[in-house]
Amino acid sequence: MSVTDTNRRNFLKLSAGLGAGLGLAVSLPASTKTESAATAEKQDSYEFNAFLHITPDNQVIVIIKHLEMGQGVSTGLATLVAEELNADWSQVRIEAAPADARRYNNLFWGPAQGTGGSTAIANSFEQLRKAGATGKAMLVAAAATRWGVNTADLSVNRGVVSHRGSGRRADFGELAEAAALQPVPAPETLALKSPKDFELIGQNLSRKDRGKTDGSAIYTQDIKLPGMQVAVVAHPPRFGGRVTRVNDQPALALPGVEQVISLGNAVAVVAQDYWSAKKARDRLEITWDESEAFKLGSADVMARFKAAADQPGVVARSEGDSDKAIKRAARTLEASFEFPFLAHATMEPMNCVALVSKDGCEIWNGAQLHTGDQYAVAGELGIKPEQVKVNTLFAGGSFGRRANPHSDYILQAVRIAKAMPGTPVKLVWSREDDTRAGYYRPAYLHKIRAALDEQGLPLTWQQTIVGQSIVAGTPFEGMIQQGVDPTMVEGASTLPYRIPNLHVDMHRVDLGLPVQWWRSVGHTHTGYSTEVFLDQLAQMAEIDPVEYRRRLLQDHPRHLGVLNLAAEKAAWDKPLPKGWGRGVAVHKSFNTYVAQVAEVSTGPNGQFKVERVVCAVDCGIAINPDVIRAQMEGGIGFGLSPVLMSEITLDQGRVVQSNFHDYRVARITDMPEVEVHIVASAEPPTGVGEPGTPPIAPAVANALANATGQRFHRLPIKVS
Amino acid sequence: MPITIRVNEVEKSVDSSPDTPLLWVLRDELDLTGTKFGCGMAQCGACTVHLNGQPIRSCVTPVSVAEGSNITTIEGAASKAARAVQQAWIEREVAQCGYCQSGQIMSATALLTSNPNPSDADIDAAMGGNICRCATYVRIRAAIKDAATQLVQGA
Ligand code: FES
Ligand code: FES
């Protein structure tokens, strides 16, 4: 049984070029203009290439191909262009790119545009600097022609081209029209700056995604189009439920209500505004066919996982002979870890504006998988992907949710709009819909068994991971190679510690539940189990946890670098007040290395508070240190919720939680002080949207173990 | 019968039924979309506006309750405290996705208006109802302190 909407034939195969762990990341900016306004503005600007426009009034417009979800990607991408263009930061503006896989694909993903896996800066690093360098060369060529001078005597500095001998100067705006007509220089003639000459990269430049302190930033939720109607949907009480009968009379009797539309797996009410639609939705009388619906509870799910874990799994990594080694080991240790389902709970509940007309379909959305969404919508409507126009808006958070491989809520909006051609429809999910209609971080079970040698160092490590695959049955299915789903095992299959006998395997249990990546994907659980269990081994060996990790990471200098930096800045050896504990975790995800030291205080009745976190990060060249710090702070705060309180549970298939009173998340009162240190590096930049999240949960659990002597193998943590 | 409310110093006559939450009147009828919908049940603070200077959750406040009162939304936040808060927010680069920040700023402004020198505990108490899923809390705290300092020095 599949409870997801998979009646699409037009799957885009995204397997090519996808690394393990496309994740979630963040996303991006948006043009707040309607199509006509955007077109009007375009006519006033000159296009140098896909990423760079310059206006006669001297604005540099950088076209942002990734989604701004708060991760700061628009600022980072604009910095790359501005650096090589030698623009003045104050003249730089951002504009969201249209969906166009040919021009705006993620270079790490092949022919698909999208944001995830903390790849936005990494895949764009060279591409966008070249876009800037191209622009600079064309501006210089135009000035040389205008002044009849040699390009060699021209220099470009903070948005001004000047001529050495004559002192002539012109700003970009004055040159834009002529420059845009210059021949585009061949890429091999462009010399990119050496890192020592960077003027903007490495600075704490102000963010470009403005309008977020005065209410003027526009999100999908804020779109209003002429004649637009608002749709609110009734979802089935259990996943997989189907509509058998609807009495819509009580709903239609309410003022402002336009139409009730059965979608097969949901019922939509369309009205003139949200409140009218919501009141009417609550009056629908729906009979559901639940014969195919999912009816297990969370405990049943875990029981199925446990049964699977006892069978041999698909091997993700195997070195040495761990079965043999374990028999002659001095000491062994075993533990099982349980992870619940998690909702993304973005601050902006899922929503999408769709308009279906005879020419195609236009959608307004915080689009994270532009190309996948285009194919999905095209498949639904029987049109070509190019006929699906996507307007990308700022997303009020995503954490992976808006990169849904099934395009779930987008297709829901399109199906409603299809029933009302010519009318723009804004689908708005309530918080309850957002919490209950799925696409969760899957539940997982891990079993780890290890043995120590005489020195107390690990001789063997056997880990089994059980859960539902995120990518099976989606366009990302090609990520599964030889039965191994990297989104389940990444972080465990890539365990960096020097262990001679290592075995990691996995079991896919297909529950058919709507599951999805959640900020840092597999690392959300593998980071926890590996770093907590390793800490237990250090304890058994009676070796300091930082020292223990150091000994096992001798071949991994970047892991060591962040570990040592975090330990030093946290004053690892300094005594703590009574009742406090300190814990460490180090984890690499999406090619970024992060170590965190957490300090917790404990009180009566199992109460505890995370007081302080010291974080060290190595993400290669730091494009914008302040944005990196923000992502570490945010990644830590986001990762705290599943440690402290968040879980989605199922009761006979029904989702128990519904809103923030029972799907609780970290508040300001839960937030520790955070100190972030960035390792100086000349390596190419890697992402920061996700990697701050995995280490916090194990660092806190290890700190609590230090304070209480208890170990925690289930999240959220309950201290007894 | 139309209801008259005063929003950002301007009288508005609205047609919504009296039980409609103020949030949806502001957003859908008056096109003041800076005030956000996050939960609809006074759990997240995204919809925070001021009613006669007091912070309220507009998602659970029927528009009829606001009749005859002064409502201030993020679009009209122009008091000294509001400006100091907004400035501090920008200087600290608090916002990530930004969706919660109108509510955060309205709550912080109300705090500083009634308590110009808040302690950490005061900040926790005043801001505990405002969720930020991007977890910008470290910067929210710092920015409130900056704004407080600014207000004292500027006074
Ligand atoms: S929307 Fe009003 S408190 Fe959440
Ligand atoms: S900035 Fe994203 S929810 Fe607060």
# chains A, B, ... in the order shown; residues from 1 in each chain; ligands from 1
$ interface_residues --of "chain B" --to "chain A" --cutoff "7 Å" --atoms "only C-alpha atoms" --output "ChimeraX atom specification"
/B:20,24,28,33-35,38-39,43,74-75,86,95-102,124,127-128,131,133-138
$ residues_around --residues "Val94 of chain B" --least-positions-apart "6" --cutoff "8 Å" --atoms "only C-alpha atoms" --output "VMD selection string"
chain B and resid 136 139 to 140 143
$ write_last_selection --atoms "N, CA and C atoms" --output "short mmCIF file (atom, residue, chain, number, x, y, z; two decimals), in the first residue's frame"
data_model
loop_
_atom_site.label_atom_id
_atom_site.label_comp_id
_atom_site.auth_asym_id
_atom_site.auth_seq_id
_atom_site.Cartn_x
_atom_site.Cartn_y
_atom_site.Cartn_z
N THR B 136 16.35 31.32 16.25
CA THR B 136 17.19 32.53 16.29
C THR B 136 17.25 33.11 17.70
N ARG B 139 20.12 35.31 19.19
CA ARG B 139 20.20 36.68 18.67
C ARG B 139 19.01 37.52 19.12
N ILE B 140 17.86 36.89 19.29
CA ILE B 140 16.71 37.64 19.80
C ILE B 140 17.06 38.23 21.16
N ALA B 143 19.59 41.00 20.77
CA ALA B 143 19.03 42.20 20.14
C ALA B 143 18.13 42.96 21.10
#
$ residues_around --residues "segment 562-568 of chain A" --least-positions-apart "6" --cutoff "10 Å" --atoms "only C-alpha atoms" --output "ChimeraX atom specification"
/A:546-547,549-550,553,583-587,593-598,613-618,675-679
$ residues_near_ligand --ligand "ligand 1" --cutoff "7 Å" --atoms "only C-alpha atoms and all ligand atoms" --output "VMD selection string"
chain B and resid 36 to 48 57 to 60
$ closest_residue --among "B:Leu30, B:Leu51, B:Ala82, B:Ile105" --to "ligand 2" --atoms "only C-alpha atoms and all ligand atoms"
B:Ile105
$ atom_distance --atom1 "atom CA of Pro684 of chain A" --atom2 "atom CA of Leu495 of chain A"
22.4 Å
$ select_by_dssp --residues "chain B" --states "strand (DSSP E)" --output "MDAnalysis selection string"
chainID B and resid 3:7 10:14 48:51 54:57 70:72
$ write_last_selection --atoms "N, CA and C atoms" --output "PDB file, in the first residue's frame"
ATOM      1  N   ILE B   3     -17.997  46.289  11.082  1.00  0.00           N
ATOM      2  CA  ILE B   3     -17.354  46.565  12.362  1.00  0.00           C
ATOM      3  C   ILE B   3     -16.255  47.591  12.107  1.00  0.00           C
ATOM      4  N   THR B   4     -16.144  48.548  13.001  1.00  0.00           N
ATOM      5  CA  THR B   4     -15.102  49.559  12.817  1.00  0.00           C
ATOM      6  C   THR B   4     -13.944  49.296  13.764  1.00  0.00           C
ATOM      7  N   ILE B   5     -12.761  49.180  13.191  1.00  0.00           N
ATOM      8  CA  ILE B   5     -11.567  49.032  14.026  1.00  0.00           C
ATOM      9  C   ILE B   5     -10.546  50.073  13.587  1.00  0.00           C
ATOM     10  N   ARG B   6      -9.654  50.377  14.487  1.00  0.00           N
ATOM     11  CA  ARG B   6      -8.627  51.382  14.193  1.00  0.00           C
ATOM     12  C   ARG B   6      -7.290  50.660  14.104  1.00  0.00           C
ATOM     13  N   VAL B   7      -6.755  50.590  12.897  1.00  0.00           N
ATOM     14  CA  VAL B   7      -5.524  49.833  12.672  1.00  0.00           C
ATOM     15  C   VAL B   7      -4.415  50.783  12.236  1.00  0.00           C
ATOM     16  N   VAL B  10      -5.471  54.253  11.562  1.00  0.00           N
ATOM     17  CA  VAL B  10      -6.472  54.528  10.527  1.00  0.00           C
ATOM     18  C   VAL B  10      -7.744  53.750  10.831  1.00  0.00           C
ATOM     19  N   GLU B  11      -8.894  54.425  10.729  1.00  0.00           N
ATOM     20  CA  GLU B  11     -10.180  53.757  10.931  1.00  0.00           C
ATOM     21  C   GLU B  11     -10.486  52.841   9.750  1.00  0.00           C
ATOM     22  N   LYS B  12     -10.905  51.620  10.071  1.00  0.00           N
ATOM     23  CA  LYS B  12     -11.254  50.687   8.993  1.00  0.00           C
ATOM     24  C   LYS B  12     -12.619  50.098   9.302  1.00  0.00           C
ATOM     25  N   SER B  13     -13.411  49.986   8.248  1.00  0.00           N
ATOM     26  CA  SER B  13     -14.697  49.339   8.400  1.00  0.00           C
ATOM     27  C   SER B  13     -14.603  47.968   7.727  1.00  0.00           C
ATOM     28  N   VAL B  14     -14.887  46.924   8.486  1.00  0.00           N
ATOM     29  CA  VAL B  14     -14.713  45.580   7.922  1.00  0.00           C
ATOM     30  C   VAL B  14     -16.021  44.809   7.923  1.00  0.00           C
ATOM     31  N   THR B  48       1.256  37.995  16.723  1.00  0.00           N
ATOM     32  CA  THR B  48       1.184  39.003  17.783  1.00  0.00           C
ATOM     33  C   THR B  48       1.027  40.424  17.221  1.00  0.00           C
ATOM     34  N   VAL B  49       0.016  41.127  17.733  1.00  0.00           N
ATOM     35  CA  VAL B  49      -0.165  42.556  17.430  1.00  0.00           C
ATOM     36  C   VAL B  49      -0.411  43.260  18.764  1.00  0.00           C
ATOM     37  N   HIS B  50      -0.487  44.568  18.735  1.00  0.00           N
ATOM     38  CA  HIS B  50      -0.801  45.302  19.965  1.00  0.00           C
ATOM     39  C   HIS B  50      -2.246  45.786  19.929  1.00  0.00           C
ATOM     40  N   LEU B  51      -2.943  45.559  21.030  1.00  0.00           N
ATOM     41  CA  LEU B  51      -4.302  46.074  21.185  1.00  0.00           C
ATOM     42  C   LEU B  51      -4.224  47.081  22.325  1.00  0.00           C
ATOM     43  N   GLN B  54      -1.084  46.654  24.279  1.00  0.00           N
ATOM     44  CA  GLN B  54      -0.787  45.356  24.891  1.00  0.00           C
ATOM     45  C   GLN B  54      -0.609  44.280  23.810  1.00  0.00           C
ATOM     46  N   PRO B  55       0.381  43.414  23.985  1.00  0.00           N
ATOM     47  CA  PRO B  55       0.545  42.350  22.983  1.00  0.00           C
ATOM     48  C   PRO B  55      -0.570  41.319  23.106  1.00  0.00           C
ATOM     49  N   ILE B  56      -1.181  40.983  21.990  1.00  0.00           N
ATOM     50  CA  ILE B  56      -2.223  39.943  21.993  1.00  0.00           C
ATOM     51  C   ILE B  56      -1.975  38.985  20.825  1.00  0.00           C
ATOM     52  N   ARG B  57      -2.561  37.805  20.933  1.00  0.00           N
ATOM     53  CA  ARG B  57      -2.493  36.847  19.833  1.00  0.00           C
ATOM     54  C   ARG B  57      -3.732  37.057  18.970  1.00  0.00           C
ATOM     55  N   ASN B  70      -7.460  50.483  19.547  1.00  0.00           N
ATOM     56  CA  ASN B  70      -6.334  50.776  18.648  1.00  0.00           C
ATOM     57  C   ASN B  70      -5.494  49.537  18.447  1.00  0.00           C
ATOM     58  N   ILE B  71      -5.361  49.170  17.203  1.00  0.00           N
ATOM     59  CA  ILE B  71      -4.545  48.001  16.892  1.00  0.00           C
ATOM     60  C   ILE B  71      -3.280  48.476  16.181  1.00  0.00           C
ATOM     61  N   THR B  72      -2.165  47.937  16.627  1.00  0.00           N
ATOM     62  CA  THR B  72      -0.910  48.215  15.915  1.00  0.00           C
ATOM     63  C   THR B  72      -0.340  46.908  15.399  1.00  0.00           C
TER      64      THR B  72
END
$ residues_around --residues "segment 239-249 of chain A" --least-positions-apart "3" --cutoff "7 Å" --atoms "only C-alpha atoms" --output "VMD selection string"
chain A and resid 3 236 252 to 253 260 264 to 266 284 to 290 292 to 294
$ residues_around --residues "segment 89-97 of chain A" --least-positions-apart "6" --cutoff "9 Å" --atoms "only C-alpha atoms" --output "ChimeraX atom specification"
/A:28-32,50-51,58-68,74-75,78-79,82-83,104,158-159,200,205-206,208-209,391-394
$ select_by_dssp --residues "segment 409-526 of chain A" --states "helix (DSSP H, G or I)" --output "compact mmCIF listing (two decimals) with N, CA and C atoms, in the first residue's frame"
# COMPACT_ATOMS: atom_id res chain seq x y z
N TYR A 409 1.89 18.59 -1.35
CA TYR A 409 0.91 19.67 -1.16
C TYR A 409 0.79 20.51 -2.43
N ILE A 410 1.84 20.51 -3.25
CA ILE A 410 1.78 21.25 -4.51
C ILE A 410 0.75 20.59 -5.44
N LEU A 411 0.82 19.27 -5.53
CA LEU A 411 -0.16 18.57 -6.37
C LEU A 411 -1.57 18.74 -5.81
N GLN A 412 -1.67 18.80 -4.49
CA GLN A 412 -3.00 19.01 -3.92
C GLN A 412 -3.56 20.37 -4.38
N ALA A 413 -2.71 21.39 -4.33
CA ALA A 413 -3.15 22.72 -4.79
C ALA A 413 -3.52 22.68 -6.27
N VAL A 414 -2.72 21.98 -7.05
CA VAL A 414 -2.96 21.94 -8.50
C VAL A 414 -4.26 21.20 -8.81
N ARG A 415 -4.54 20.14 -8.07
CA ARG A 415 -5.79 19.40 -8.32
C ARG A 415 -7.01 20.26 -8.02
N ILE A 416 -6.89 21.08 -7.00
CA ILE A 416 -8.01 21.97 -6.69
C ILE A 416 -8.15 23.02 -7.80
N ALA A 417 -6.99 23.59 -8.18
CA ALA A 417 -7.01 24.64 -9.21
C ALA A 417 -7.51 24.09 -10.55
N LYS A 418 -7.22 22.80 -10.79
CA LYS A 418 -7.66 22.16 -12.03
C LYS A 418 -9.18 22.13 -12.13
N ARG A 431 -2.18 24.56 11.06
CA ARG A 431 -1.11 23.89 11.80
C ARG A 431 -1.47 22.42 12.03
N GLU A 432 -2.74 22.16 12.25
CA GLU A 432 -3.16 20.77 12.48
C GLU A 432 -2.93 19.94 11.21
N ASP A 433 -3.26 20.51 10.05
CA ASP A 433 -3.00 19.79 8.80
C ASP A 433 -1.50 19.53 8.66
N ASP A 434 -0.73 20.56 8.95
CA ASP A 434 0.72 20.47 8.78
C ASP A 434 1.32 19.40 9.70
N THR A 435 0.75 19.27 10.88
CA THR A 435 1.27 18.30 11.85
C THR A 435 0.80 16.89 11.51
N ARG A 436 -0.42 16.79 10.97
CA ARG A 436 -1.03 15.46 10.82
C ARG A 436 -0.99 14.88 9.42
N GLU A 477 14.92 7.45 -6.13
CA GLU A 477 15.15 6.04 -5.85
C GLU A 477 16.53 5.55 -6.30
N GLY A 478 17.06 6.19 -7.34
CA GLY A 478 18.37 5.81 -7.87
C GLY A 478 19.49 5.98 -6.87
N MET A 479 19.25 6.70 -5.80
CA MET A 479 20.26 6.82 -4.75
C MET A 479 20.51 5.47 -4.08
N PRO A 486 21.49 5.33 1.09
CA PRO A 486 22.43 6.17 1.85
C PRO A 486 21.74 7.10 2.83
N THR A 487 20.48 7.45 2.55
CA THR A 487 19.80 8.37 3.46
C THR A 487 19.47 7.70 4.80
N MET A 488 19.59 6.38 4.86
CA MET A 488 19.37 5.67 6.12
C MET A 488 20.65 5.45 6.90
N VAL A 489 21.76 5.27 6.19
CA VAL A 489 22.99 4.83 6.87
C VAL A 489 24.10 5.87 6.90
N HIS A 523 21.78 11.68 9.12
CA HIS A 523 22.63 12.09 10.24
C HIS A 523 21.83 12.46 11.48
N THR A 524 20.52 12.72 11.32
CA THR A 524 19.69 13.05 12.49
C THR A 524 19.70 11.91 13.49
N HIS A 525 19.83 10.67 12.98
CA HIS A 525 19.82 9.53 13.91
C HIS A 525 21.17 8.85 14.01
N THR A 526 21.90 8.77 12.87
CA THR A 526 23.21 8.10 12.97
C THR A 526 24.20 8.92 13.80
$ residues_around --residues "Leu139 of chain A" --least-positions-apart "2" --cutoff "9 Å" --atoms "only C-alpha atoms" --output "PyMOL selection string"
chain A and resi 134-137+141-144+156+161+172+175-176+178-180+182
$ closest_residue --among "B:Gly76, B:Pro2, B:Gly129, B:Gly103" --to "ligand 2" --atoms "only C-alpha atoms and all ligand atoms"
B:Gly103
$ decode --residues "segment 295-386 of chain A" --atoms "C-alpha atoms" --output "JSON list (two decimals), in the first residue's frame"
[["chain", "number", "residue", "atom", "x", "y", "z"],
["A", 295, "LYS", "CA", -3.61, 1.32, 11.35],
["A", 296, "LEU", "CA", -0.48, 0.53, 13.34],
["A", 297, "GLY", "CA", 0.62, 2.40, 16.42],
["A", 298, "SER", "CA", 4.13, 3.62, 17.18],
["A", 299, "ALA", "CA", 4.81, 0.60, 19.41],
["A", 300, "ASP", "CA", 3.71, -1.77, 16.61],
["A", 301, "VAL", "CA", 6.08, -0.03, 14.25],
["A", 302, "MET", "CA", 8.97, -0.44, 16.67],
["A", 303, "ALA", "CA", 8.07, -4.11, 17.17],
["A", 304, "ARG", "CA", 8.27, -4.67, 13.41],
["A", 305, "PHE", "CA", 11.64, -2.94, 13.35],
["A", 306, "LYS", "CA", 12.91, -5.13, 16.17],
["A", 307, "ALA", "CA", 11.86, -8.29, 14.37],
["A", 308, "ALA", "CA", 13.65, -7.12, 11.24],
["A", 309, "ALA", "CA", 16.80, -6.21, 13.18],
["A", 310, "ASP", "CA", 17.29, -9.84, 14.16],
["A", 311, "GLN", "CA", 17.69, -10.86, 10.52],
["A", 312, "PRO", "CA", 20.84, -10.24, 8.47],
["A", 313, "GLY", "CA", 20.55, -6.93, 6.65],
["A", 314, "VAL", "CA", 21.86, -5.36, 3.46],
["A", 315, "VAL", "CA", 25.50, -4.55, 4.04],
["A", 316, "ALA", "CA", 26.44, -0.90, 3.75],
["A", 317, "ARG", "CA", 30.03, -1.27, 4.89],
["A", 318, "SER", "CA", 32.14, -4.19, 6.05],
["A", 319, "GLU", "CA", 35.80, -4.25, 7.00],
["A", 320, "GLY", "CA", 37.72, -6.97, 8.78],
["A", 321, "ASP", "CA", 35.82, -9.81, 10.39],
["A", 322, "SER", "CA", 33.73, -8.42, 13.18],
["A", 323, "ASP", "CA", 32.01, -11.72, 14.07],
["A", 324, "LYS", "CA", 35.31, -13.44, 14.64],
["A", 325, "ALA", "CA", 36.90, -10.49, 16.42],
["A", 326, "ILE", "CA", 34.03, -10.09, 18.85],
["A", 327, "LYS", "CA", 34.56, -13.62, 20.14],
["A", 328, "ARG", "CA", 38.10, -12.93, 21.29],
["A", 329, "ALA", "CA", 37.43, -9.47, 22.66],
["A", 330, "ALA", "CA", 38.18, -8.47, 26.22],
["A", 331, "ARG", "CA", 34.95, -6.55, 26.78],
["A", 332, "THR", "CA", 31.77, -6.06, 24.77],
["A", 333, "LEU", "CA", 28.88, -3.60, 24.87],
["A", 334, "GLU", "CA", 25.50, -3.58, 23.18],
["A", 335, "ALA", "CA", 22.70, -1.03, 22.90],
["A", 336, "SER", "CA", 19.52, -0.35, 20.93],
["A", 337, "PHE", "CA", 18.47, 3.15, 19.99],
["A", 338, "GLU", "CA", 14.91, 4.23, 19.20],
["A", 339, "PHE", "CA", 14.01, 7.33, 17.24],
["A", 340, "PRO", "CA", 10.42, 8.54, 16.78],
["A", 341, "PHE", "CA", 8.80, 10.17, 13.77],
["A", 342, "LEU", "CA", 9.37, 13.92, 13.63],
["A", 343, "ALA", "CA", 7.46, 16.69, 11.91],
["A", 344, "HIS", "CA", 9.31, 19.57, 10.28],
["A", 345, "ALA", "CA", 6.83, 22.03, 11.78],
["A", 346, "THR", "CA", 8.05, 24.93, 9.70],
["A", 347, "MET", "CA", 6.79, 28.19, 11.08],
["A", 348, "GLU", "CA", 4.88, 28.79, 7.85],
["A", 349, "PRO", "CA", 2.52, 25.84, 7.44],
["A", 350, "MET", "CA", 2.53, 24.25, 3.99],
["A", 351, "ASN", "CA", 0.76, 26.26, 1.32],
["A", 352, "CYS", "CA", 0.83, 26.83, -2.41],
["A", 353, "VAL", "CA", -0.89, 29.10, -4.90],
["A", 354, "ALA", "CA", -1.84, 27.50, -8.22],
["A", 355, "LEU", "CA", -3.48, 28.78, -11.37],
["A", 356, "VAL", "CA", -4.45, 26.35, -14.10],
["A", 357, "SER", "CA", -5.27, 27.82, -17.49],
["A", 358, "LYS", "CA", -5.38, 26.58, -21.03],
["A", 359, "ASP", "CA", -1.74, 27.56, -21.52],
["A", 360, "GLY", "CA", -0.49, 25.57, -18.60],
["A", 361, "CYS", "CA", -0.05, 26.09, -14.91],
["A", 362, "GLU", "CA", 1.53, 28.75, -12.76],
["A", 363, "ILE", "CA", 2.44, 28.16, -9.15],
["A", 364, "TRP", "CA", 3.66, 30.40, -6.36],
["A", 365, "ASN", "CA", 5.56, 28.55, -3.69],
["A", 366, "GLY", "CA", 8.67, 28.44, -1.57],
["A", 367, "ALA", "CA", 9.98, 26.11, -4.27],
["A", 368, "GLN", "CA", 12.79, 23.83, -3.22],
["A", 369, "LEU", "CA", 12.71, 21.15, -5.92],
["A", 370, "HIS", "CA", 11.76, 23.25, -8.91],
["A", 371, "THR", "CA", 12.33, 20.63, -11.56],
["A", 372, "GLY", "CA", 10.73, 17.75, -9.67],
["A", 373, "ASP", "CA", 7.69, 19.90, -8.96],
["A", 374, "GLN", "CA", 7.44, 20.92, -12.62],
["A", 375, "TYR", "CA", 7.44, 17.28, -13.73],
["A", 376, "ALA", "CA", 4.93, 16.29, -11.07],
["A", 377, "VAL", "CA", 2.54, 19.07, -11.97],
["A", 378, "ALA", "CA", 2.98, 18.41, -15.69],
["A", 379, "GLY", "CA", 2.19, 14.74, -15.11],
["A", 380, "GLU", "CA", -0.94, 15.62, -13.18],
["A", 381, "LEU", "CA", -2.22, 17.97, -15.86],
["A", 382, "GLY", "CA", -0.97, 16.13, -18.94],
["A", 383, "ILE", "CA", 1.13, 19.07, -20.07],
["A", 384, "LYS", "CA", 4.85, 19.67, -20.61],
["A", 385, "PRO", "CA", 7.11, 20.55, -17.68],
["A", 386, "GLU", "CA", 8.02, 23.82, -19.42]]
